[in-house]
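For reference, upload_25.cif (mmCIF, C-alpha atoms):
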```cif
data_run
#
loop_
_atom_site.label_atom_id
_atom_site.label_comp_id
_atom_site.auth_asym_id
_atom_site.auth_seq_id
_atom_site.Cartn_x
_atom_site.Cartn_y
_atom_site.Cartn_z
CA MET A 1 118.32 76.66 96.14
CA THR A 2 118.07 76.77 99.92
CA GLY A 3 115.68 78.89 101.93
CA LEU A 4 118.40 81.34 102.87
CA GLU A 5 119.45 81.81 99.25
CA ARG A 6 115.84 82.53 98.31
CA ILE A 7 115.65 85.12 101.08
CA GLU A 8 118.73 86.80 99.56
CA HIS A 9 116.89 86.86 96.22
CA ILE A 10 113.93 88.63 97.84
CA LYS A 11 116.23 91.22 99.38
CA LYS A 12 118.02 91.92 96.10
CA SER A 13 115.36 94.18 94.61
CA PRO A 14 111.71 95.08 95.02
CA PHE A 15 111.41 95.00 91.23
CA LYS A 16 112.78 92.48 88.76
CA LEU A 17 112.78 92.19 84.99
CA TRP A 18 109.90 89.73 84.61
CA ASP A 19 107.69 91.98 86.74
CA ILE A 20 107.27 94.24 83.72
CA ALA A 21 105.65 91.38 81.80
CA VAL A 22 103.46 90.47 84.78
CA TYR A 23 102.08 93.99 85.14
CA ALA A 24 101.83 94.67 81.40
CA VAL A 25 99.73 91.54 80.87
CA SER A 26 97.46 92.27 83.82
CA ALA A 27 96.99 95.91 82.78
CA GLY A 28 96.03 94.72 79.30
CA LEU A 29 93.61 92.18 80.73
CA ILE A 30 91.96 94.78 82.98
CA VAL A 31 91.37 97.13 80.05
CA LEU A 32 90.12 94.34 77.78
CA LEU A 33 87.76 92.82 80.36
CA THR A 34 86.44 96.23 81.38
CA LEU A 35 85.68 97.12 77.78
CA LEU A 36 83.97 93.76 77.24
CA ALA A 37 81.97 93.86 80.44
CA PHE A 38 80.67 97.40 80.17
CA ALA A 39 80.29 97.81 76.43
CA GLY A 40 76.85 98.38 74.94
CA THR A 41 73.97 100.53 76.02
CA GLY A 42 71.87 100.34 79.15
CA GLU A 43 68.13 99.92 78.83
CA GLU A 44 66.56 99.35 82.19
CA VAL A 45 67.22 100.24 85.81
CA VAL A 46 66.57 97.29 88.11
CA ILE A 47 66.24 97.99 91.82
CA SER A 48 66.49 94.88 94.00
CA ARG A 49 65.61 95.03 97.69
CA SER A 50 66.28 92.60 100.48
CA GLY A 51 62.56 91.75 100.52
CA GLY A 52 63.11 90.06 97.16
CA ASN A 53 60.85 92.16 94.94
CA LYS A 54 62.43 93.94 91.97
CA GLN A 55 61.37 97.26 90.53
CA ARG A 56 62.17 98.09 86.93
CA TYR A 57 62.27 101.51 85.29
CA PRO A 58 63.33 102.51 81.76
CA LEU A 59 66.68 104.31 81.79
CA SER A 60 65.41 106.81 79.22
CA GLU A 61 62.72 108.37 81.42
CA ASN A 62 63.65 110.95 84.02
CA ARG A 63 62.25 110.26 87.48
CA THR A 64 63.00 110.15 91.19
CA VAL A 65 62.31 106.95 93.13
CA ALA A 66 62.01 107.17 96.90
CA LEU A 67 62.41 103.80 98.61
CA SER A 68 60.97 103.02 102.01
CA GLU A 69 64.44 101.92 103.15
CA GLY A 70 65.44 105.60 103.14
CA LEU A 71 67.09 105.70 99.75
CA THR A 72 66.38 108.25 97.04
CA VAL A 73 67.31 107.17 93.52
CA ARG A 74 67.42 109.62 90.60
CA ILE A 75 67.22 108.60 86.96
CA GLU A 76 68.08 111.42 84.55
CA ASN A 77 69.33 111.62 80.95
CA GLY A 78 70.35 107.98 80.85
CA TYR A 79 72.23 108.09 84.16
CA VAL A 80 71.30 106.67 87.57
CA TRP A 81 72.60 107.73 90.94
CA VAL A 82 71.66 107.64 94.62
CA GLU A 83 70.77 111.15 95.76
CA SER A 84 70.57 110.41 99.45
CA ALA A 85 70.69 107.43 101.76
CA GLN A 86 69.98 106.99 105.44
CA CYS A 87 72.86 104.62 106.05
CA PRO A 88 76.09 105.15 108.01
CA ASP A 89 78.66 104.61 105.26
CA LYS A 90 77.09 106.39 102.22
CA VAL A 91 79.10 104.18 99.86
CA CYS A 92 76.21 104.14 97.38
CA VAL A 93 76.02 107.96 97.28
CA ARG A 94 79.78 108.27 96.80
CA SER A 95 79.68 105.65 94.04
CA GLY A 96 78.46 108.41 91.72
CA ARG A 97 76.51 108.05 88.47
CA ILE A 98 76.25 104.92 86.35
CA ASN A 99 74.99 104.51 82.79
CA ARG A 100 76.45 101.25 81.42
CA PRO A 101 75.00 97.75 81.48
CA ASN A 102 76.34 95.60 84.33
CA GLN A 103 77.22 98.62 86.45
CA VAL A 104 75.75 98.53 89.94
CA LEU A 105 75.19 100.76 92.93
CA VAL A 106 75.07 98.82 96.17
CA CYS A 107 73.88 99.80 99.61
CA VAL A 108 74.88 96.93 101.88
CA PRO A 109 73.39 98.27 105.17
CA LEU A 110 69.97 98.92 103.63
CA GLY A 111 70.05 95.83 101.41
CA VAL A 112 69.40 97.65 98.15
CA VAL A 113 71.06 96.95 94.80
CA ILE A 114 70.57 99.21 91.78
CA GLU A 115 71.78 97.79 88.50
CA ILE A 116 71.48 98.56 84.81
CA SER A 117 70.50 95.82 82.42
CA GLY A 118 70.93 95.99 78.70
CA GLU A 119 72.89 94.75 75.73
CA GLY A 120 76.30 94.00 77.17
CA LYS A 121 78.93 92.09 75.19
CA LEU A 122 79.47 89.77 78.14
CA ASP A 123 76.54 88.07 79.74
CA ALA A 124 77.06 89.04 83.30
CA GLY A 125 73.92 87.58 84.78
CA SER A 126 72.24 91.01 84.82
CA GLY A 127 74.99 92.67 86.79
CA GLN A 128 74.57 90.50 89.84
CA SER A 129 78.13 89.31 89.48
CA ARG A 130 79.51 92.66 90.54
CA THR A 131 77.00 92.76 93.35
CA VAL A 132 78.22 89.43 94.65
CA PHE A 133 81.80 90.62 94.46
CA ALA A 134 81.13 94.05 95.91
CA THR A 135 79.32 92.68 98.90
CA GLY A 136 81.43 89.58 99.38
CA GLY A 137 78.33 87.44 98.89
CA ARG A 138 76.60 89.03 101.85
CA LEU A 139 73.42 90.13 100.08
CA MET B 1 108.23 69.85 116.88
CA ASN B 2 110.43 72.05 119.01
CA ALA B 3 109.28 74.88 121.22
CA LYS B 4 110.70 77.56 118.96
CA ARG B 5 108.78 76.40 115.93
CA LEU B 6 105.59 76.15 117.96
CA THR B 7 106.10 79.68 119.24
CA TYR B 8 106.61 80.97 115.71
CA LEU B 9 103.43 79.22 114.54
CA GLY B 10 101.38 80.69 117.37
CA LEU B 11 102.83 84.13 116.80
CA PHE B 12 102.13 84.06 113.07
CA THR B 13 98.57 82.80 113.57
CA ALA B 14 97.88 85.55 116.10
CA LEU B 15 99.37 88.14 113.72
CA ALA B 16 97.22 86.89 110.84
CA LEU B 17 94.07 87.14 112.96
CA ILE B 18 94.97 90.67 114.07
CA MET B 19 95.57 91.67 110.44
CA GLY B 20 92.14 90.32 109.56
CA LEU B 21 90.50 92.30 112.37
CA LEU B 22 92.41 95.44 111.44
CA GLU B 23 91.35 95.12 107.84
CA ASN B 24 87.69 94.79 108.72
CA SER B 25 87.79 98.04 110.67
CA LEU B 26 89.50 100.01 107.87
CA PRO B 27 87.48 101.79 105.17
CA PRO B 28 87.03 99.74 101.98
CA LEU B 29 89.95 99.60 99.56
CA LEU B 30 87.87 100.75 96.62
CA ALA B 31 84.86 102.96 97.25
CA PHE B 32 82.84 101.20 94.55
CA ALA B 33 83.64 97.68 95.78
CA PRO B 34 83.31 97.42 99.56
CA GLY B 35 83.98 93.67 99.41
CA ALA B 36 87.41 94.03 97.81
CA LYS B 37 89.91 93.39 100.56
CA MET B 38 93.53 94.32 100.78
CA GLY B 39 94.35 90.84 102.02
CA LEU B 40 96.57 92.02 104.85
CA ALA B 41 96.56 88.48 106.25
CA ASN B 42 98.53 87.48 103.17
CA VAL B 43 101.45 89.47 104.58
CA VAL B 44 101.61 86.91 107.36
CA SER B 45 101.10 83.91 105.06
CA LEU B 46 103.95 85.07 102.82
CA LEU B 47 106.27 85.80 105.74
CA ALA B 48 105.47 82.40 107.22
CA LEU B 49 106.32 80.84 103.87
CA VAL B 50 109.64 82.68 103.65
CA ILE B 51 110.69 82.23 107.26
CA LEU B 52 109.17 78.85 108.17
CA GLY B 53 108.48 77.08 104.87
CA PHE B 54 105.38 75.69 103.17
CA PRO B 55 104.06 73.15 105.74
CA ASP B 56 104.14 75.68 108.57
CA ALA B 57 102.67 78.44 106.39
CA LEU B 58 99.83 76.07 105.51
CA ALA B 59 99.25 75.37 109.19
CA VAL B 60 99.07 79.12 109.85
CA VAL B 61 96.58 79.62 107.01
CA LEU B 62 94.35 76.77 108.21
CA ALA B 63 94.41 78.00 111.80
CA ARG B 64 93.74 81.57 110.70
CA CYS B 65 90.71 80.56 108.59
CA ALA B 66 89.26 78.32 111.30
CA LEU B 67 89.75 80.78 114.16
CA GLY B 68 88.69 83.74 112.00
CA ALA B 69 85.41 81.99 111.18
CA ILE B 70 84.81 81.17 114.84
CA PHE B 71 85.68 84.66 116.10
CA GLY B 72 83.67 86.29 113.34
CA GLY B 73 80.72 84.09 114.27
CA ASN B 74 80.32 83.17 110.61
CA ILE B 75 81.22 79.54 109.96
CA SER B 76 80.02 79.72 106.35
CA ALA B 77 82.87 82.16 105.69
CA LEU B 78 85.12 79.07 105.73
CA MET B 79 83.60 78.05 102.43
CA TYR B 80 85.22 81.13 100.88
CA SER B 81 88.32 81.64 102.97
CA LEU B 82 89.63 78.07 103.12
CA PRO B 83 89.90 77.21 99.40
CA ALA B 84 91.06 80.76 98.61
CA GLY B 85 93.69 80.73 101.34
CA ILE B 86 95.07 77.29 100.49
CA LEU B 87 95.14 77.79 96.71
CA SER B 88 96.80 81.20 96.89
CA LEU B 89 99.44 79.83 99.27
CA VAL B 90 100.16 76.90 96.93
CA VAL B 91 100.55 79.21 93.93
CA GLN B 92 102.76 81.61 95.87
CA THR B 93 104.88 78.72 97.13
CA LEU B 94 105.46 77.38 93.61
CA LEU B 95 106.35 80.83 92.27
CA TYR B 96 108.67 81.43 95.22
CA ARG B 97 110.39 78.08 94.83
CA PHE B 98 111.02 78.30 91.10
CA LEU B 99 110.84 81.94 89.98
CA ILE B 100 112.18 84.12 92.80
CA LYS B 101 115.31 84.80 90.72
CA ARG B 102 113.20 86.35 87.97
CA ILE B 103 110.19 87.98 89.64
CA SER B 104 109.98 90.09 92.77
CA ILE B 105 108.12 89.23 95.95
CA MET B 106 105.59 91.90 94.89
CA SER B 107 104.67 89.98 91.74
CA ILE B 108 104.36 86.82 93.81
CA SER B 109 101.97 88.46 96.24
CA PHE B 110 100.06 89.91 93.29
CA PHE B 111 99.56 86.39 91.90
CA GLY B 112 98.52 85.30 95.38
CA ALA B 113 95.89 88.05 95.49
CA VAL B 114 94.60 87.15 92.02
CA VAL B 115 94.25 83.47 92.93
CA HIS B 116 92.67 84.36 96.27
CA ASN B 117 90.08 86.68 94.72
CA ALA B 118 89.41 84.41 91.74
CA THR B 119 88.77 81.44 94.04
CA GLN B 120 86.36 83.48 96.17
CA LEU B 121 84.62 84.65 93.02
CA LEU B 122 84.35 81.07 91.78
CA VAL B 123 82.89 79.87 95.10
CA ALA B 124 80.48 82.83 95.10
CA GLY B 125 79.51 81.92 91.54
CA ILE B 126 78.83 78.30 92.47
CA VAL B 127 76.93 79.26 95.63
CA THR B 128 74.74 81.91 94.01
CA GLY B 129 74.55 80.39 90.54
CA VAL B 130 75.44 83.69 88.91
CA ASN B 131 77.76 84.25 85.95
CA LEU B 132 80.65 86.26 87.35
CA PHE B 133 82.41 87.50 84.23
CA ALA B 134 81.73 91.20 84.79
CA ALA B 135 83.47 91.06 88.16
CA LEU B 136 86.79 89.97 86.65
CA PRO B 137 88.24 93.38 85.69
CA LEU B 138 87.40 94.77 89.10
CA MET B 139 88.90 91.71 90.75
CA LEU B 140 92.13 92.09 88.77
CA ALA B 141 92.41 95.80 89.54
CA ALA B 142 91.85 95.17 93.24
CA SER B 143 94.47 92.41 93.15
CA VAL B 144 97.11 94.72 91.67
CA ILE B 145 96.65 97.21 94.49
CA ALA B 146 96.47 94.50 97.15
CA GLY B 147 99.43 92.57 95.74
CA LEU B 148 101.65 95.64 95.52
CA PHE B 149 100.83 96.74 99.03
CA VAL B 150 101.35 93.32 100.58
CA GLY B 151 104.50 92.85 98.49
CA ILE B 152 106.01 96.13 99.70
CA VAL B 153 105.32 95.19 103.32
CA VAL B 154 106.85 91.71 102.95
CA PHE B 155 109.87 93.08 101.06
CA THR B 156 110.48 95.70 103.74
CA VAL B 157 110.22 93.17 106.56
CA VAL B 158 112.52 90.66 104.85
CA ARG B 159 114.99 93.36 103.80
CA PHE B 160 115.34 95.10 107.15
CA ALA B 161 114.52 92.43 109.71
CA PRO B 162 117.50 91.28 111.77
CA ALA B 163 119.18 88.09 110.56
CA LYS B 164 118.13 86.49 113.82
CA LEU B 165 114.64 86.13 112.37
CA TYR B 166 115.98 83.51 109.99
CA GLU B 167 117.79 81.61 112.69
CA PHE B 168 115.22 78.90 112.35
CA LYS B 169 115.92 78.62 108.65
CA SER B 170 119.70 78.62 109.11
CA SER B 171 119.56 75.98 111.85
CA GLN B 172 117.59 73.78 109.44
CA HIS B 173 120.17 74.62 106.81
CA THR B 174 123.15 73.63 108.94
CA ALA B 175 121.32 70.52 110.13
CA LYS B 176 120.89 69.47 106.50
CA HIS B 177 124.53 70.24 105.81
CA LYS B 178 125.69 68.22 108.78
CA ALA B 179 123.50 65.34 107.69
CA ALA B 180 124.89 65.55 104.17
CA LYS B 181 128.45 65.54 105.46
CA GLY B 182 127.61 62.58 107.64
CA GLU B 183 128.39 64.33 110.88
#
```
Can the structure in the file be given as structure tokens, please?
Amino acid sequence: MTGLERIEHIKKSPFKLWDIAVYAVSAGLIVLLTLLAFAGTGEEVVISRSGGNKQRYPLSENRTVALSEGLTVRIENGYVWVESAQCPDKVCVRSGRINRPNQVLVCVPLGVVIEISGEGKLDAGSGQSRTVFATGGRL
Amino acid sequence: MNAKRLTYLGLFTALALIMGLLENSLPPLLAFAPGAKMGLANVVSLLALVILGFPDALAVVLARCALGAIFGGNISALMYSLPAGILSLVVQTLLYRFLIKRISIMSISFFGAVVHNATQLLVAGIVTGVNLFAALPLMLAASVIAGLFVGIVVFTVVRFAPAKLYEFKSSQHTAKHKAAKGE
């Protein structure tokens, strides 16, 4: 097949028969991996800061943690969220509440990572994997 | 190397760099994963592959990674972008060569995005020494969105661009034909 013939094949249709299989398999994989990665119950909230020290709090106790970076973290009824942040993008506030092991809340500008550790079905290196992905390895 | 090919290469490299810049200034693709990129530069890689062929597309990818790292002032970014860029181009080239009859350009760019993200994840895993399993579903989901978007753009360009764009390809084609006929 020459280059020009291949170009004709591209033009023919934006969707082709085998695409269905491609997307079905990837949809299945996403569901399966998500279930595996975030199954189980969370036990501890781990707050990592760019200074390197980690703070740990039980997920079961309600409390508010104010960090010197300008971040207010609320733990309530087994959920964690960022109440307010003094950063320009507010991604961590918009990320909402988390309650499952391996879930993370990341504030890149302030260098703070909030993760939940616990009995997950997949060992995810205490949630750091998502942090690495979410920040593109910048933290 | 003739002047036309050189011009195309320069043009594609410049376009890829602009796409990269544009992407960095856009809001993140997924609110919960600021690092997940749309991979707009892949639009250019794929178009280079379709219009110029694999060797030239590879040259564009290498130039884009090198210049991007220099302009961004972050040479260590090469560690991520180079293997990811090369591997995803190779996979897309193979799919394009052998499966374009069966799968659309959107599926091809989706595979490209998956390979690109998976390679970056792998490098990140090696660099940081962290098990990256939990990032996989997110990576796949981001790749579907990225792949579809890039695929639609490439399809639209290829579908509606004037035939003149493929002049380069057709001149190669006729040259081969002439050679085969012994002219």
Pick the closest to chain A from B:Leu99, B:Ala113, B:Ala57, B:Val43: which is it, counting all atoms listed in the file?
B:Leu99
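Picked by the PyMOL selection byres ((chain A and resi 90) around 12) from the coordinates shown: Gly70, Leu71, Val82, Glu83, Ser84, Ala85, Gln86, Cys87, Pro88, Asp89, Val91, Cys92, Val93, Arg94, Ser95, Gly96, Leu105, Val106, Cys107, Val108, Pro109 and Leu110 of chain A; Pro27, Pro28, Ala31, Phe32 and Pro34 of chain B.
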Pick out the residues sitting within 6 Å of Leu148 of chain B, and hand them over as a PyMOL selection string; count only C-alpha atoms, and ignore anything fewer than 3 positions along from it in its own chain.
chain B and resi 106+145+151
The PyMOL selection byres ((chain B and resi 152-154) around 9) on the file shown: which residues, as a PDB file with C-alpha atoms, in the coordinates of the input?
```pdb
ATOM      1  CA  PRO A  14     111.710  95.080  95.020  1.00  0.00           C
TER       2      PRO A  14
ATOM      3  CA  VAL B  43     101.450  89.470 104.580  1.00  0.00           C
ATOM      4  CA  VAL B  44     101.610  86.910 107.360  1.00  0.00           C
ATOM      5  CA  LEU B  46     103.950  85.070 102.820  1.00  0.00           C
ATOM      6  CA  LEU B  47     106.270  85.800 105.740  1.00  0.00           C
ATOM      7  CA  ILE B 105     108.120  89.230  95.950  1.00  0.00           C
ATOM      8  CA  MET B 106     105.590  91.900  94.890  1.00  0.00           C
ATOM      9  CA  SER B 109     101.970  88.460  96.240  1.00  0.00           C
ATOM     10  CA  GLY B 147      99.430  92.570  95.740  1.00  0.00           C
ATOM     11  CA  LEU B 148     101.650  95.640  95.520  1.00  0.00           C
ATOM     12  CA  PHE B 149     100.830  96.740  99.030  1.00  0.00           C
ATOM     13  CA  VAL B 150     101.350  93.320 100.580  1.00  0.00           C
ATOM     14  CA  GLY B 151     104.500  92.850  98.490  1.00  0.00           C
ATOM     15  CA  PHE B 155     109.870  93.080 101.060  1.00  0.00           C
ATOM     16  CA  THR B 156     110.480  95.700 103.740  1.00  0.00           C
ATOM     17  CA  VAL B 157     110.220  93.170 106.560  1.00  0.00           C
ATOM     18  CA  VAL B 158     112.520  90.660 104.850  1.00  0.00           C
ATOM     19  CA  ARG B 159     114.990  93.360 103.800  1.00  0.00           C
TER      20      ARG B 159
END
```
As a check of understanding: the span from atom CA of Asp56 of chain B to atom CA of Gly73 of chain B is 25.5 Å
Quick one: residues within 8 Å of Ser60 of chain A, only C-alpha atoms, excluding same-chain residues fewer than 6 positions away - as a PDB file with C-alpha atoms, keeping the file's coordinate frame?
```
ATOM      1  CA  GLU A  43      68.130  99.920  78.830  1.00  0.00           C
ATOM      2  CA  GLU A  76      68.080 111.420  84.550  1.00  0.00           C
ATOM      3  CA  ASN A  77      69.330 111.620  80.950  1.00  0.00           C
ATOM      4  CA  GLY A  78      70.350 107.980  80.850  1.00  0.00           C
TER       5      GLY A  78
END
```
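Contact shell of Val144 of chain B at 9 Å (all atoms listed in the file; same-chain neighbours under 4 positions omitted): A:Tyr23, A:Ser26, A:Ala27, B:Ser107, B:Phe110, B:Phe111, B:Ala113, B:Val114, B:Met139, B:Leu140, B:Leu148, B:Phe149.
Take atom CA of Val45 of chain A and atom CA of Thr64 of chain A: the distance between them is 12.0 Å.
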Of B:Leu165, B:Leu78, B:Phe71, B:Ile51, the one nearest to chain A when counting all atoms listed in the file is B:Ile51
Counting only C-alpha atoms, which of A:Ser50, A:Thr34, A:Gln55, A:Thr41 gets nearest to chain B?
A:Thr34
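Distances from B:Gln120, B:Asn42, B:Asn2, B:Ser88 to chain A were compared using only C-alpha atoms, and the smallest one belongs to B:Gln120.
Selecting by distance to (120.6, 76.1, 93.5) with a limit of 12 Å and using only C-alpha atoms, one obtains Met1, Thr2, Gly3, Leu4, Glu5, Arg6 and His9 of chain A; Arg97, Phe98, Leu99, Ile100 and Lys101 of chain B.
Restricting the calculation to all atoms listed in the file, the smallest distance between Ile103 of chain B and any of A:Ala21, A:Glu8, A:Gly111, A:Val65 is found for A:Ala21.
What the PyMOL selection byres ((chain B and resi 41) around 9) grabs from this file is Leu15, Ala16, Leu17, Ile18, Met19, Gly20, Glu23, Met38, Gly39, Leu40, Asn42, Val43, Val44, Ser45, Leu46, Val61, Arg64 and Val150 of chain B.
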I need the chosen residues saved as a short mmCIF file (atom, residue, chain, number, x, y, z; two decimals), in the coordinates of the input, with C-alpha atoms.
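The resulting file, part_31.cif, is shown below:
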```
data_model
loop_
_atom_site.label_atom_id
_atom_site.label_comp_id
_atom_site.auth_asym_id
_atom_site.auth_seq_id
_atom_site.Cartn_x
_atom_site.Cartn_y
_atom_site.Cartn_z
CA LEU B 15 99.37 88.14 113.72
CA ALA B 16 97.22 86.89 110.84
CA LEU B 17 94.07 87.14 112.96
CA ILE B 18 94.97 90.67 114.07
CA MET B 19 95.57 91.67 110.44
CA GLY B 20 92.14 90.32 109.56
CA GLU B 23 91.35 95.12 107.84
CA MET B 38 93.53 94.32 100.78
CA GLY B 39 94.35 90.84 102.02
CA LEU B 40 96.57 92.02 104.85
CA ASN B 42 98.53 87.48 103.17
CA VAL B 43 101.45 89.47 104.58
CA VAL B 44 101.61 86.91 107.36
CA SER B 45 101.10 83.91 105.06
CA LEU B 46 103.95 85.07 102.82
CA VAL B 61 96.58 79.62 107.01
CA ARG B 64 93.74 81.57 110.70
CA VAL B 150 101.35 93.32 100.58
#
```
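Atom pair atom CA of Ser48 of chain A / atom CA of Trp81 of chain A: separated by 14.6 Å.
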